[in-house]
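Some notes on the structure that comes next.
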Amino acid sequence: MQKVIEKNVKTYMNFINGEWTASSTNEVASSINPANKNEIVGYVQSSSKEDLDAAVAAAKQAQKAWRKLSGAARGNYLYKVATIMEGRLDEIAETMTKEMGKTFPEAKGETARGVAILRYYAGEGMRKIGDVIPSTDSEALMFTTRVPLGVVGVISPWNFPVAIPIWKMAPALIYGNTAVLKPAQEVSVTAAKIIECFEEAGIPAGVVNMVTGQGSVIGQGIIDHPDINGITFTGSNTVGKAVGQGALARGAKYQLEMGGKNPVIVLNDADLDLAVEGTISGGLQSTGQKCTATSRVFVQADVYDEFKGKLLTKVSEIKVGCGMQGDTWMGPCASENQLNTVLSYIQKGKEEGATLLYGGERPKENGRENGFYVQPTVFENVRNDMIIAQEEIFGPVLALIKVENIEEALELANDVEFGLSASIYTKDIGSMFSFINEMEAGLVRVNAETAGVELQAPFGGMKQSSSHSREQGQAAIEFFTSIKTVFVKA
Ligand SMILES: NC(=O)C1=CN([C@@H]2O[C@H](COP(=O)(O)OP(=O)(O)OC[C@H]3O[C@@H](n4cnc5c(N)ncnc54)[C@H](OP(=O)(O)O)[C@@H]3O)[C@@H](O)[C@H]2O)C=CC1
Ligand SMILES: O=C(O)CCC(=O)C(=O)O
């Protein structure tokens, strides 16, 4: 909560029923720049349950007319939002970089992805939503159609401030739902700019709403709200489980995307330069803050030393700094909390007897003392039962594990509670298929990094990584609609 408001810093409002509205609490929180904690990017509303109630009431009211529009008409709104967002791409990306630290090129790429997601789901408004199924009655017509859930609550994290809210809201809207977004506090200014694009596109009042505030108040309020029919969540396993339990208790539909502990397997016949490139990109881009980030690297014994040497050379060249500076490759952690989490895992790694090969410290020189920076970090002599090999770190930390063969690599790679993404580097078709068949992950990639989800393909995890549902692509229709089976006899 911010007591002293700096005059030259903008205050962002909630968006409820088509209006920018101050919270009933009259309190705001400051959103700070993780590259310089003294810079306030904006103030956002510290909202109350009453604000959420108003947003849900607006969404419920608006849903009646919104669902009656044709899919094509709803799609036209999404096309407009996409064009507006494209026109504001640099501005939105800069806000994202300033709010959560990822580099400006990464933030621009993510904003462009948001635009593409909007266009993809705009097109969905013209695609089929059902099947004709032969009835046993030859004079009847039997078919399926799909109906929206109603009001959807969107609880989003800070690591993809544009892409994740959009890949949840765009399908919600195209299939006729209305939405209430509660963004992560760290990225609420970026979220407000996304919502401005919807407003500028003339989206009808109440169809899209945003309420900022604490997860324990607004997020919990979404879980409990009797008029929210579906909840889509991305974030930690702890909160995700609470969302699932709360939604189940009151009969709401829910969808959870949570953690990962994603492995890369590098076999003796791998293109080692490609494997190094993919390990660095998958593990360290966005400062390792992706649920699909590489964190365990299983390397076959014959190429272990060569791979390690190449990896360390490249890692040592990484420039850590403010994401708005042109030569920066890796920005800060998104928040002080996240930095402390990463540092505590690095400490645990050392205490458990892993060997720190590179990094592990906070760079503080060259103006970085006020930022939440940590060096890219590489451990070896990691056992798969160590905490750093089992728990999601969500930071730029790689654990190298030597293996004798693919069987051992797969057994260890699967020996975690998560199952989100995984990759293998090999030229051998048999090894590729063993990996594709036996790897317990929702996204398996061959000769490519563990991260890098494509918007037109289903995305989600196995085991503790998700609620076993899938997001994105055509899969999104499964969550955001209910099937209605229709039997007609004249
Ligand atoms: N799978 C992924 O992509 C992500 C995974 N994580 C993992 O989670 C760890 C912690 O990150 P963190 O930001 O704390 O993640 P959280 O799970 O706490 O946050 C995700 C979202 O849930 C909200 N939230 C928090 N508490 C509640 C609650 N009680 N009820 C409903 N919603 C709530 C948050 O709001 P608010 O911001 O206001 O707290 C935010 O909007 C990371 O270190 C990482 O391991 C984090 C983000 C994304
Ligand atoms: O790898 C990606 O592109 C997406 C990752 C993701 O969904 C996440 O980190 O939450």
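Please note that chains go A, B, ... in the order of the structure tokens, that every chain numbers its residues from 1, and that ligands are numbered from 1 in the order shown.
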> Would you name the residues within 7 Å of ligand 1, counting only C-alpha atoms and all ligand atoms, and put them as a PyMOL selection string?
Replying inline: chain A and resi 155-159+182-186+213-216+218-220+223+234-240+242-243+257-260+290-291+338+341+392-394
Write the residues of the selection above to a file with N, CA and C atoms, as a compact mmCIF listing (two decimals), in the first residue's frame.
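The resulting out.txt:
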# COMPACT_ATOMS: atom_id res chain seq x y z
N ILE A 155 -7.49 -15.51 -13.24
CA ILE A 155 -6.44 -15.16 -12.26
C ILE A 155 -5.10 -15.43 -12.93
N SER A 156 -4.36 -14.36 -13.19
CA SER A 156 -3.16 -14.53 -14.02
C SER A 156 -1.89 -14.17 -13.24
N PRO A 157 -0.76 -14.74 -13.67
CA PRO A 157 0.51 -14.51 -12.97
C PRO A 157 1.28 -13.34 -13.57
N TRP A 158 2.49 -13.12 -13.08
CA TRP A 158 3.27 -11.96 -13.52
C TRP A 158 4.28 -12.31 -14.62
N ASN A 159 4.47 -13.58 -14.94
CA ASN A 159 5.60 -13.90 -15.81
C ASN A 159 5.31 -13.69 -17.29
N LYS A 182 -8.29 -10.67 -12.77
CA LYS A 182 -7.50 -10.23 -11.62
C LYS A 182 -6.04 -10.53 -11.96
N PRO A 183 -5.31 -9.50 -12.40
CA PRO A 183 -3.91 -9.74 -12.77
C PRO A 183 -3.03 -9.85 -11.53
N ALA A 184 -1.84 -10.43 -11.70
CA ALA A 184 -0.88 -10.42 -10.59
C ALA A 184 -0.55 -8.97 -10.26
N GLN A 185 -0.34 -8.71 -8.98
CA GLN A 185 -0.14 -7.32 -8.54
C GLN A 185 1.06 -6.69 -9.23
N GLU A 186 2.11 -7.49 -9.42
CA GLU A 186 3.36 -6.95 -9.98
C GLU A 186 3.18 -6.36 -11.38
N GLY A 213 -5.68 -6.00 -7.12
CA GLY A 213 -5.63 -6.13 -5.66
C GLY A 213 -4.96 -7.42 -5.26
N GLN A 214 -5.00 -7.66 -3.96
CA GLN A 214 -4.28 -8.83 -3.44
C GLN A 214 -4.95 -10.14 -3.84
N GLY A 215 -4.10 -11.14 -4.04
CA GLY A 215 -4.61 -12.47 -4.34
C GLY A 215 -5.51 -12.99 -3.22
N SER A 216 -5.11 -12.71 -1.98
CA SER A 216 -5.88 -13.24 -0.86
C SER A 216 -7.26 -12.59 -0.75
N ILE A 218 -8.91 -10.48 -3.77
CA ILE A 218 -9.63 -10.53 -5.05
C ILE A 218 -9.57 -11.95 -5.66
N GLY A 219 -8.39 -12.57 -5.57
CA GLY A 219 -8.29 -13.95 -6.08
C GLY A 219 -9.21 -14.87 -5.30
N GLN A 220 -9.14 -14.75 -3.97
CA GLN A 220 -10.00 -15.59 -3.12
C GLN A 220 -11.48 -15.26 -3.39
N ILE A 223 -12.57 -17.12 -6.35
CA ILE A 223 -12.79 -18.55 -6.02
C ILE A 223 -14.18 -18.73 -5.40
N THR A 234 -3.36 -19.44 -13.77
CA THR A 234 -1.96 -19.86 -13.95
C THR A 234 -1.16 -19.28 -12.79
N GLY A 235 -0.31 -20.10 -12.19
CA GLY A 235 0.50 -19.63 -11.07
C GLY A 235 1.08 -20.79 -10.30
N SER A 236 1.25 -20.58 -9.00
CA SER A 236 1.91 -21.59 -8.16
C SER A 236 0.99 -22.78 -7.87
N ASN A 237 1.60 -23.88 -7.50
CA ASN A 237 0.81 -25.07 -7.16
C ASN A 237 -0.03 -24.87 -5.91
N THR A 238 0.53 -24.13 -4.96
CA THR A 238 -0.20 -23.93 -3.71
C THR A 238 -1.51 -23.19 -3.96
N VAL A 239 -1.41 -22.07 -4.68
CA VAL A 239 -2.63 -21.30 -4.93
C VAL A 239 -3.53 -22.07 -5.90
N GLY A 240 -2.92 -22.70 -6.90
CA GLY A 240 -3.72 -23.45 -7.88
C GLY A 240 -4.59 -24.50 -7.20
N ALA A 242 -5.71 -24.44 -4.19
CA ALA A 242 -6.79 -23.77 -3.46
C ALA A 242 -7.89 -23.33 -4.43
N VAL A 243 -7.49 -22.89 -5.62
CA VAL A 243 -8.49 -22.50 -6.62
C VAL A 243 -9.34 -23.73 -6.98
N GLU A 257 -3.08 -24.08 -14.59
CA GLU A 257 -1.74 -24.33 -15.14
C GLU A 257 -0.74 -23.91 -14.08
N MET A 258 0.12 -24.84 -13.68
CA MET A 258 0.97 -24.55 -12.53
C MET A 258 2.45 -24.80 -12.85
N GLY A 259 3.14 -25.42 -11.95
CA GLY A 259 4.60 -25.45 -12.07
C GLY A 259 5.16 -26.46 -13.04
N GLY A 260 6.47 -26.37 -13.21
CA GLY A 260 7.20 -27.34 -14.02
C GLY A 260 8.58 -27.58 -13.43
N LYS A 290 9.69 -19.02 -16.37
CA LYS A 290 8.63 -19.60 -17.22
C LYS A 290 8.29 -20.95 -16.62
N CYS A 291 7.02 -21.31 -16.68
CA CYS A 291 6.69 -22.65 -16.18
C CYS A 291 7.28 -23.72 -17.08
N GLN A 338 10.73 -12.95 -5.45
CA GLN A 338 11.21 -13.97 -6.38
C GLN A 338 12.73 -14.08 -6.30
N THR A 341 13.57 -16.04 -3.28
CA THR A 341 13.29 -17.46 -3.50
C THR A 341 14.44 -18.11 -4.26
N GLU A 392 10.26 -26.44 -8.13
CA GLU A 392 10.33 -25.38 -9.14
C GLU A 392 11.03 -24.17 -8.53
N ILE A 393 12.11 -23.72 -9.19
CA ILE A 393 12.87 -22.56 -8.68
C ILE A 393 12.33 -21.27 -9.29
N PHE A 394 11.98 -21.30 -10.55
CA PHE A 394 11.49 -20.12 -11.27
C PHE A 394 12.56 -19.03 -11.28
>> Need to verify the contact set: stretch 456-458 of chain A, 9 Å, only C-alpha atoms, exclusion of same-chain residues closer than 2 positions in sequence. Can you return it as a list in words?
In response: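 Once the adjacent positions are removed, what remains is Ile117, Tyr120, Gly442, Leu443, Val453, Glu454, Gly460, Arg470, Glu471, Gln472, Gly473, Gln474, Ala475 and Ala476 of chain A.
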Saved selection, atoms kept: N, CA and C atoms, as a JSON list (two decimals), in the first residue's frame:
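Here's the written file part.json:
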[["chain", "number", "residue", "atom", "x", "y", "z"],
["A", 117, "ILE", "N", -2.67, -14.06, -30.80],
["A", 117, "ILE", "CA", -3.68, -14.88, -30.09],
["A", 117, "ILE", "C", -5.07, -14.27, -30.29],
["A", 120, "TYR", "N", -6.20, -15.14, -33.71],
["A", 120, "TYR", "CA", -6.53, -16.57, -33.83],
["A", 120, "TYR", "C", -7.95, -16.80, -33.28],
["A", 442, "GLY", "N", 3.34, -32.81, -20.84],
["A", 442, "GLY", "CA", 2.30, -32.40, -21.79],
["A", 442, "GLY", "C", 2.86, -31.82, -23.07],
["A", 443, "LEU", "N", 4.12, -31.38, -23.03],
["A", 443, "LEU", "CA", 4.75, -30.78, -24.20],
["A", 443, "LEU", "C", 6.13, -31.41, -24.34],
["A", 453, "VAL", "N", 5.85, -22.03, -26.40],
["A", 453, "VAL", "CA", 4.54, -22.61, -26.68],
["A", 453, "VAL", "C", 3.97, -21.94, -27.93],
["A", 454, "GLU", "N", 3.34, -22.71, -28.80],
["A", 454, "GLU", "CA", 2.72, -22.11, -29.98],
["A", 454, "GLU", "C", 1.22, -21.95, -29.73],
["A", 460, "GLY", "N", -0.53, -27.63, -21.84],
["A", 460, "GLY", "CA", -0.87, -27.99, -20.46],
["A", 460, "GLY", "C", -0.01, -29.15, -20.03],
["A", 470, "ARG", "N", -6.37, -28.59, -21.01],
["A", 470, "ARG", "CA", -5.44, -27.92, -21.92],
["A", 470, "ARG", "C", -5.96, -26.55, -22.27],
["A", 471, "GLU", "N", -5.01, -25.62, -22.45],
["A", 471, "GLU", "CA", -5.35, -24.27, -22.89],
["A", 471, "GLU", "C", -4.89, -24.09, -24.32],
["A", 472, "GLN", "N", -5.30, -22.99, -24.91],
["A", 472, "GLN", "CA", -4.82, -22.52, -26.22],
["A", 472, "GLN", "C", -5.30, -23.41, -27.38],
["A", 473, "GLY", "N", -5.08, -22.87, -28.59],
["A", 473, "GLY", "CA", -5.51, -23.59, -29.78],
["A", 473, "GLY", "C", -6.98, -23.97, -29.70],
["A", 474, "GLN", "N", -7.32, -25.02, -30.41],
["A", 474, "GLN", "CA", -8.71, -25.50, -30.41],
["A", 474, "GLN", "C", -9.10, -26.09, -29.06],
["A", 475, "ALA", "N", -8.09, -26.46, -28.26],
["A", 475, "ALA", "CA", -8.38, -27.10, -26.97],
["A", 475, "ALA", "C", -9.15, -26.17, -26.04],
["A", 476, "ALA", "N", -9.01, -24.86, -26.23],
["A", 476, "ALA", "CA", -9.62, -23.91, -25.30],
["A", 476, "ALA", "C", -11.14, -24.04, -25.25]]
>> Excluding A:Ile129 and its own-chain neighbours fewer than 2 positions away, which residues fall within 8 Å of it when counting only C-alpha atoms? Please give them as a PyMOL selection string.
In response: chain A and resi 127+131+144-146
>> Excluding A:Ser47 and its own-chain neighbours fewer than 5 positions away, which residues fall within 9 Å of it when counting only C-alpha atoms? Please give them as a list in words.
In response: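 In the requested format, the answer is Asn14, Ala22, Ser23, Ser24, Thr25, Asn26, Glu27, Val28, Leu52, Val211, Thr212, Gly213, Gln214, Val217 and Ile218 of chain A.
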Generate a file of the selected residues that holds C-alpha atoms, formatted as a PDB file, in the first residue's frame.
ATOM      1  CA  ASN A  14     -10.251  -0.780 -12.035  1.00  0.00           C
ATOM      2  CA  ALA A  22     -11.434   3.845  -8.158  1.00  0.00           C
ATOM      3  CA  SER A  23     -11.619   1.162  -5.508  1.00  0.00           C
ATOM      4  CA  SER A  24     -14.065   1.586  -2.646  1.00  0.00           C
ATOM      5  CA  THR A  25     -11.049   1.298  -0.320  1.00  0.00           C
ATOM      6  CA  ASN A  26      -9.506   4.526  -1.645  1.00  0.00           C
ATOM      7  CA  GLU A  27      -6.172   2.765  -1.391  1.00  0.00           C
ATOM      8  CA  VAL A  28      -3.563   2.154  -4.044  1.00  0.00           C
ATOM      9  CA  LEU A  52     -15.182  -7.499  -7.237  1.00  0.00           C
ATOM     10  CA  VAL A 211     -10.122  -5.620 -10.630  1.00  0.00           C
ATOM     11  CA  THR A 212      -6.617  -5.248  -9.207  1.00  0.00           C
ATOM     12  CA  GLY A 213      -5.631  -6.128  -5.659  1.00  0.00           C
ATOM     13  CA  GLN A 214      -4.282  -8.826  -3.440  1.00  0.00           C
ATOM     14  CA  VAL A 217      -8.751 -10.742  -1.350  1.00  0.00           C
ATOM     15  CA  ILE A 218      -9.629 -10.532  -5.053  1.00  0.00           C
TER      16      ILE A 218
END
> atom CA of A:Lys484 and atom CA of A:Asp137, how far apart in Å?
Replying inline: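 Interatomic distance, atom CA of A:Asp137 to atom CA of A:Lys484: 18.7 Å.
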>> Between A:Phe15, A:Tyr373, A:Phe435, A:Phe379, which residue has the minimum interatomic distance to A:Met330, considering only C-alpha atoms?
In response: A:Tyr373
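Taking atom CA of A:Asp227 as the reference point, atom CA of A:Asn17 is found at 15.6 Å.
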> How many Å separate atom CA of A:Thr111 from atom CA of A:Ile164?
Replying inline: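 Value for the atom CA of A:Thr111-atom CA of A:Ile164 distance: 10.5 Å.
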>> I want to know what sits within 9 Å of A:Ile388, based on only C-alpha atoms, with residues of the same chain fewer than 6 positions away left out; could you give that as number ranges by chain?
In response: A: 295-296, 345-346, 348-349, 352, 382, 397, 399
DSSP-assigned helix (DSSP H, G or I) members of stretch 67-268 of chain A, reported as a PDB file with C-alpha atoms, in the first residue's frame:
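Full text of result.pdb as output:
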ATOM      1  CA  ARG A  67     -23.767 -14.462 -25.898  1.00  0.00           C
ATOM      2  CA  LYS A  68     -26.552 -13.559 -28.319  1.00  0.00           C
ATOM      3  CA  GLY A  71     -19.382 -15.599 -33.209  1.00  0.00           C
ATOM      4  CA  ALA A  72     -18.362 -13.459 -36.186  1.00  0.00           C
ATOM      5  CA  ALA A  73     -19.581 -10.290 -34.440  1.00  0.00           C
ATOM      6  CA  ARG A  74     -17.675 -11.172 -31.273  1.00  0.00           C
ATOM      7  CA  GLY A  75     -14.660 -11.957 -33.445  1.00  0.00           C
ATOM      8  CA  ASN A  76     -14.814  -8.488 -35.001  1.00  0.00           C
ATOM      9  CA  TYR A  77     -14.284  -6.952 -31.572  1.00  0.00           C
ATOM     10  CA  LEU A  78     -11.227  -9.161 -31.030  1.00  0.00           C
ATOM     11  CA  TYR A  79      -9.818  -8.178 -34.448  1.00  0.00           C
ATOM     12  CA  LYS A  80     -10.196  -4.527 -33.432  1.00  0.00           C
ATOM     13  CA  VAL A  81      -8.479  -5.112 -30.080  1.00  0.00           C
ATOM     14  CA  ALA A  82      -5.618  -6.838 -31.930  1.00  0.00           C
ATOM     15  CA  THR A  83      -5.117  -3.903 -34.303  1.00  0.00           C
ATOM     16  CA  ILE A  84      -5.140  -1.405 -31.442  1.00  0.00           C
ATOM     17  CA  MET A  85      -2.697  -3.476 -29.424  1.00  0.00           C
ATOM     18  CA  GLU A  86      -0.418  -3.810 -32.435  1.00  0.00           C
ATOM     19  CA  GLY A  87      -0.390  -0.007 -32.750  1.00  0.00           C
ATOM     20  CA  LEU A  89       3.067  -2.647 -29.150  1.00  0.00           C
ATOM     21  CA  ASP A  90       6.212  -0.746 -28.162  1.00  0.00           C
ATOM     22  CA  GLU A  91       4.479   1.197 -25.409  1.00  0.00           C
ATOM     23  CA  ILE A  92       2.895  -1.929 -23.881  1.00  0.00           C
ATOM     24  CA  ALA A  93       6.152  -3.867 -24.173  1.00  0.00           C
ATOM     25  CA  GLU A  94       8.083  -1.066 -22.474  1.00  0.00           C
ATOM     26  CA  THR A  95       5.597  -1.060 -19.603  1.00  0.00           C
ATOM     27  CA  MET A  96       6.005  -4.828 -19.298  1.00  0.00           C
ATOM     28  CA  THR A  97       9.802  -4.549 -19.203  1.00  0.00           C
ATOM     29  CA  LYS A  98       9.604  -1.805 -16.588  1.00  0.00           C
ATOM     30  CA  GLU A  99       7.085  -3.705 -14.445  1.00  0.00           C
ATOM     31  CA  MET A 100       8.515  -7.215 -14.440  1.00  0.00           C
ATOM     32  CA  PHE A 104      12.420  -5.239 -24.249  1.00  0.00           C
ATOM     33  CA  PRO A 105      12.844  -7.607 -27.244  1.00  0.00           C
ATOM     34  CA  GLU A 106      11.247 -10.425 -25.232  1.00  0.00           C
ATOM     35  CA  ALA A 107       8.437  -8.104 -24.134  1.00  0.00           C
ATOM     36  CA  LYS A 108       7.837  -7.020 -27.726  1.00  0.00           C
ATOM     37  CA  GLY A 109       7.758 -10.655 -28.822  1.00  0.00           C
ATOM     38  CA  GLU A 110       5.232 -11.437 -26.112  1.00  0.00           C
ATOM     39  CA  THR A 111       3.021  -8.482 -27.025  1.00  0.00           C
ATOM     40  CA  ALA A 112       3.106  -9.538 -30.685  1.00  0.00           C
ATOM     41  CA  ARG A 113       2.097 -13.007 -29.500  1.00  0.00           C
ATOM     42  CA  GLY A 114      -0.842 -11.420 -27.661  1.00  0.00           C
ATOM     43  CA  VAL A 115      -1.907  -9.762 -30.919  1.00  0.00           C
ATOM     44  CA  ALA A 116      -1.653 -13.081 -32.780  1.00  0.00           C
ATOM     45  CA  ILE A 117      -3.676 -14.879 -30.086  1.00  0.00           C
ATOM     46  CA  LEU A 118      -6.439 -12.278 -30.401  1.00  0.00           C
ATOM     47  CA  ARG A 119      -6.543 -12.786 -34.169  1.00  0.00           C
ATOM     48  CA  TYR A 120      -6.532 -16.567 -33.827  1.00  0.00           C
ATOM     49  CA  TYR A 121      -9.543 -16.533 -31.483  1.00  0.00           C
ATOM     50  CA  ALA A 122     -11.289 -13.843 -33.546  1.00  0.00           C
ATOM     51  CA  GLY A 123     -11.231 -16.417 -36.368  1.00  0.00           C
ATOM     52  CA  GLU A 124     -12.625 -19.074 -34.035  1.00  0.00           C
ATOM     53  CA  ALA A 163       0.138 -13.393 -23.318  1.00  0.00           C
ATOM     54  CA  ILE A 164      -1.457 -15.249 -20.404  1.00  0.00           C
ATOM     55  CA  PRO A 165      -4.374 -12.847 -19.697  1.00  0.00           C
ATOM     56  CA  ILE A 166      -5.048 -12.767 -23.452  1.00  0.00           C
ATOM     57  CA  TRP A 167      -4.841 -16.499 -24.016  1.00  0.00           C
ATOM     58  CA  LYS A 168      -7.425 -16.842 -21.245  1.00  0.00           C
ATOM     59  CA  MET A 169      -9.698 -13.878 -22.042  1.00  0.00           C
ATOM     60  CA  ALA A 170      -9.779 -14.164 -25.860  1.00  0.00           C
ATOM     61  CA  PRO A 171     -11.234 -17.709 -25.938  1.00  0.00           C
ATOM     62  CA  ALA A 172     -13.526 -16.895 -23.008  1.00  0.00           C
ATOM     63  CA  LEU A 173     -14.993 -13.992 -24.980  1.00  0.00           C
ATOM     64  CA  ILE A 174     -15.209 -15.566 -28.418  1.00  0.00           C
ATOM     65  CA  GLN A 185      -0.135  -7.320  -8.545  1.00  0.00           C
ATOM     66  CA  GLU A 186       3.363  -6.953  -9.984  1.00  0.00           C
ATOM     67  CA  VAL A 187       2.017  -6.424 -13.525  1.00  0.00           C
ATOM     68  CA  SER A 188      -1.247  -4.587 -12.989  1.00  0.00           C
ATOM     69  CA  VAL A 189      -0.207  -1.514 -14.996  1.00  0.00           C
ATOM     70  CA  THR A 190       0.505  -3.681 -18.037  1.00  0.00           C
ATOM     71  CA  ALA A 191      -2.874  -5.353 -17.483  1.00  0.00           C
ATOM     72  CA  ALA A 192      -4.579  -1.945 -17.424  1.00  0.00           C
ATOM     73  CA  LYS A 193      -3.012  -1.173 -20.821  1.00  0.00           C
ATOM     74  CA  ILE A 194      -4.379  -4.410 -22.260  1.00  0.00           C
ATOM     75  CA  ILE A 195      -7.822  -3.481 -20.989  1.00  0.00           C
ATOM     76  CA  GLU A 196      -7.473  -0.003 -22.528  1.00  0.00           C
ATOM     77  CA  CYS A 197      -7.172  -1.748 -25.914  1.00  0.00           C
ATOM     78  CA  PHE A 198     -10.496  -3.524 -25.304  1.00  0.00           C
ATOM     79  CA  GLU A 199     -12.082  -0.229 -24.274  1.00  0.00           C
ATOM     80  CA  GLU A 200     -10.725   1.552 -27.355  1.00  0.00           C
ATOM     81  CA  GLY A 215      -4.614 -12.468  -4.341  1.00  0.00           C
ATOM     82  CA  SER A 216      -5.885 -13.237  -0.859  1.00  0.00           C
ATOM     83  CA  VAL A 217      -8.751 -10.742  -1.350  1.00  0.00           C
ATOM     84  CA  ILE A 218      -9.629 -10.532  -5.053  1.00  0.00           C
ATOM     85  CA  GLY A 219      -8.288 -13.945  -6.079  1.00  0.00           C
ATOM     86  CA  GLN A 220     -10.003 -15.591  -3.125  1.00  0.00           C
ATOM     87  CA  GLY A 221     -13.125 -13.567  -3.924  1.00  0.00           C
ATOM     88  CA  ILE A 222     -13.145 -15.040  -7.441  1.00  0.00           C
ATOM     89  CA  ILE A 223     -12.786 -18.547  -6.015  1.00  0.00           C
ATOM     90  CA  ASP A 224     -15.751 -18.005  -3.690  1.00  0.00           C
ATOM     91  CA  ASN A 237       0.811 -25.072  -7.163  1.00  0.00           C
ATOM     92  CA  THR A 238      -0.198 -23.932  -3.707  1.00  0.00           C
ATOM     93  CA  VAL A 239      -2.628 -21.303  -4.934  1.00  0.00           C
ATOM     94  CA  GLY A 240      -3.718 -23.448  -7.879  1.00  0.00           C
ATOM     95  CA  LYS A 241      -4.801 -26.242  -5.550  1.00  0.00           C
ATOM     96  CA  ALA A 242      -6.795 -23.767  -3.460  1.00  0.00           C
ATOM     97  CA  VAL A 243      -8.491 -22.505  -6.623  1.00  0.00           C
ATOM     98  CA  GLY A 244      -9.373 -26.055  -7.641  1.00  0.00           C
ATOM     99  CA  GLN A 245     -10.682 -27.049  -4.225  1.00  0.00           C
ATOM    100  CA  GLY A 246     -12.710 -23.855  -3.821  1.00  0.00           C
ATOM    101  CA  ALA A 247     -14.216 -24.109  -7.282  1.00  0.00           C
ATOM    102  CA  LEU A 248     -15.060 -27.789  -6.847  1.00  0.00           C
ATOM    103  CA  ALA A 249     -16.728 -27.089  -3.503  1.00  0.00           C
TER     104      ALA A 249
END
Once you count only C-alpha atoms, what closest atom pair and distance in Å to one decimal does each residue of stretch 364-437 of chain A within 10 Å of stretch 312-318 of chain A have, with rows by chain and rising residue number, as a tab-separated table?
residue	atom	partner	partner_atom	distance
A:Gln375	CA	A:Ile318	CA	8.9
A:Pro376	CA	A:Val315	CA	7.0
A:Thr377	CA	A:Val315	CA	8.3
A:Val378	CA	A:Leu312	CA	8.0
Please dump the current selection as a PDB file, in the first residue's frame; keep N, CA and C atoms.
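Final file, part-v5.pdb:
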ATOM      1  N   GLN A 375      22.868 -13.672 -10.911  1.00  0.00           N
ATOM      2  CA  GLN A 375      23.636 -14.189 -12.056  1.00  0.00           C
ATOM      3  C   GLN A 375      23.002 -15.469 -12.583  1.00  0.00           C
ATOM      4  N   PRO A 376      23.179 -15.742 -13.877  1.00  0.00           N
ATOM      5  CA  PRO A 376      22.803 -17.084 -14.347  1.00  0.00           C
ATOM      6  C   PRO A 376      23.665 -18.084 -13.587  1.00  0.00           C
ATOM      7  N   THR A 377      23.055 -19.184 -13.183  1.00  0.00           N
ATOM      8  CA  THR A 377      23.717 -20.081 -12.234  1.00  0.00           C
ATOM      9  C   THR A 377      23.686 -21.520 -12.741  1.00  0.00           C
ATOM     10  N   VAL A 378      24.838 -22.189 -12.645  1.00  0.00           N
ATOM     11  CA  VAL A 378      24.916 -23.586 -13.104  1.00  0.00           C
ATOM     12  C   VAL A 378      25.510 -24.441 -11.984  1.00  0.00           C
TER      13      VAL A 378
END
> Excluding same-chain residues fewer than 3 positions from A:Ser467, what lies within 8 Å of it counting only C-alpha atoms, as a PyMOL selection string?
Replying inline: chain A and resi 255-257+461+464
> Looking at A:Phe298, A:Trp66, A:Phe479, A:Phe459, which one is nearest to ligand 2, with distances taken over only C-alpha atoms and all ligand atoms?
Replying inline: A:Phe459
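Across A:Met210, A:Ala252, A:Val162, A:Ile40, the tightest approach to ligand 2 is made by A:Val162 when counting only C-alpha atoms and all ligand atoms.
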>> Considering only C-alpha atoms and all ligand atoms, can you say which of A:Ala293, A:Leu284, A:Val299, A:Cys322 comes closest to ligand 2?
In response: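 Ranking A:Ala293, A:Leu284, A:Val299, A:Cys322 by distance to ligand 2, first place goes to A:Ala293.
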> Skipping near chain neighbours, those fewer than 3 positions away, what residues fall within 8 Å of stretch 404-408 of chain A using only C-alpha atoms, listed as a PyMOL selection string?
Replying inline: chain A and resi 267+300-301+411-412+431
Selection file, C-alpha atoms, as an mmCIF file, in the first residue's frame:
data_model
loop_
_atom_site.group_PDB
_atom_site.id
_atom_site.type_symbol
_atom_site.label_atom_id
_atom_site.label_comp_id
_atom_site.auth_asym_id
_atom_site.auth_seq_id
_atom_site.Cartn_x
_atom_site.Cartn_y
_atom_site.Cartn_z
ATOM 1 C CA LEU A 267 22.568 -37.746 -25.838
ATOM 2 C CA GLN A 300 25.152 -38.610 -21.481
ATOM 3 C CA ALA A 301 28.588 -39.392 -20.058
ATOM 4 C CA GLU A 411 13.824 -42.584 -15.493
ATOM 5 C CA LEU A 412 15.350 -39.583 -13.710
ATOM 6 C CA SER A 431 15.819 -42.351 -29.116
#
>> Taking only stretch 28-143 of chain A into account, list the residues labelled strand (DSSP E) by DSSP (computed from the backbone), as an MDAnalysis selection string.
In response: chainID A and resid 28:33 36:45 140:143
>> Measuring between only C-alpha atoms and all ligand atoms, which one of A:Asp273, A:Val374, A:Glu478, A:Phe233 shows the shortest distance to ligand 2?
In response: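 With only C-alpha atoms and all ligand atoms as the atom set, the closest residue is A:Phe233.
Shortest separation to A:Val342 among A:Trp329, A:Pro396, A:Asp428, A:Asp302 occurs at residue A:Pro396, atoms counted being only C-alpha atoms.
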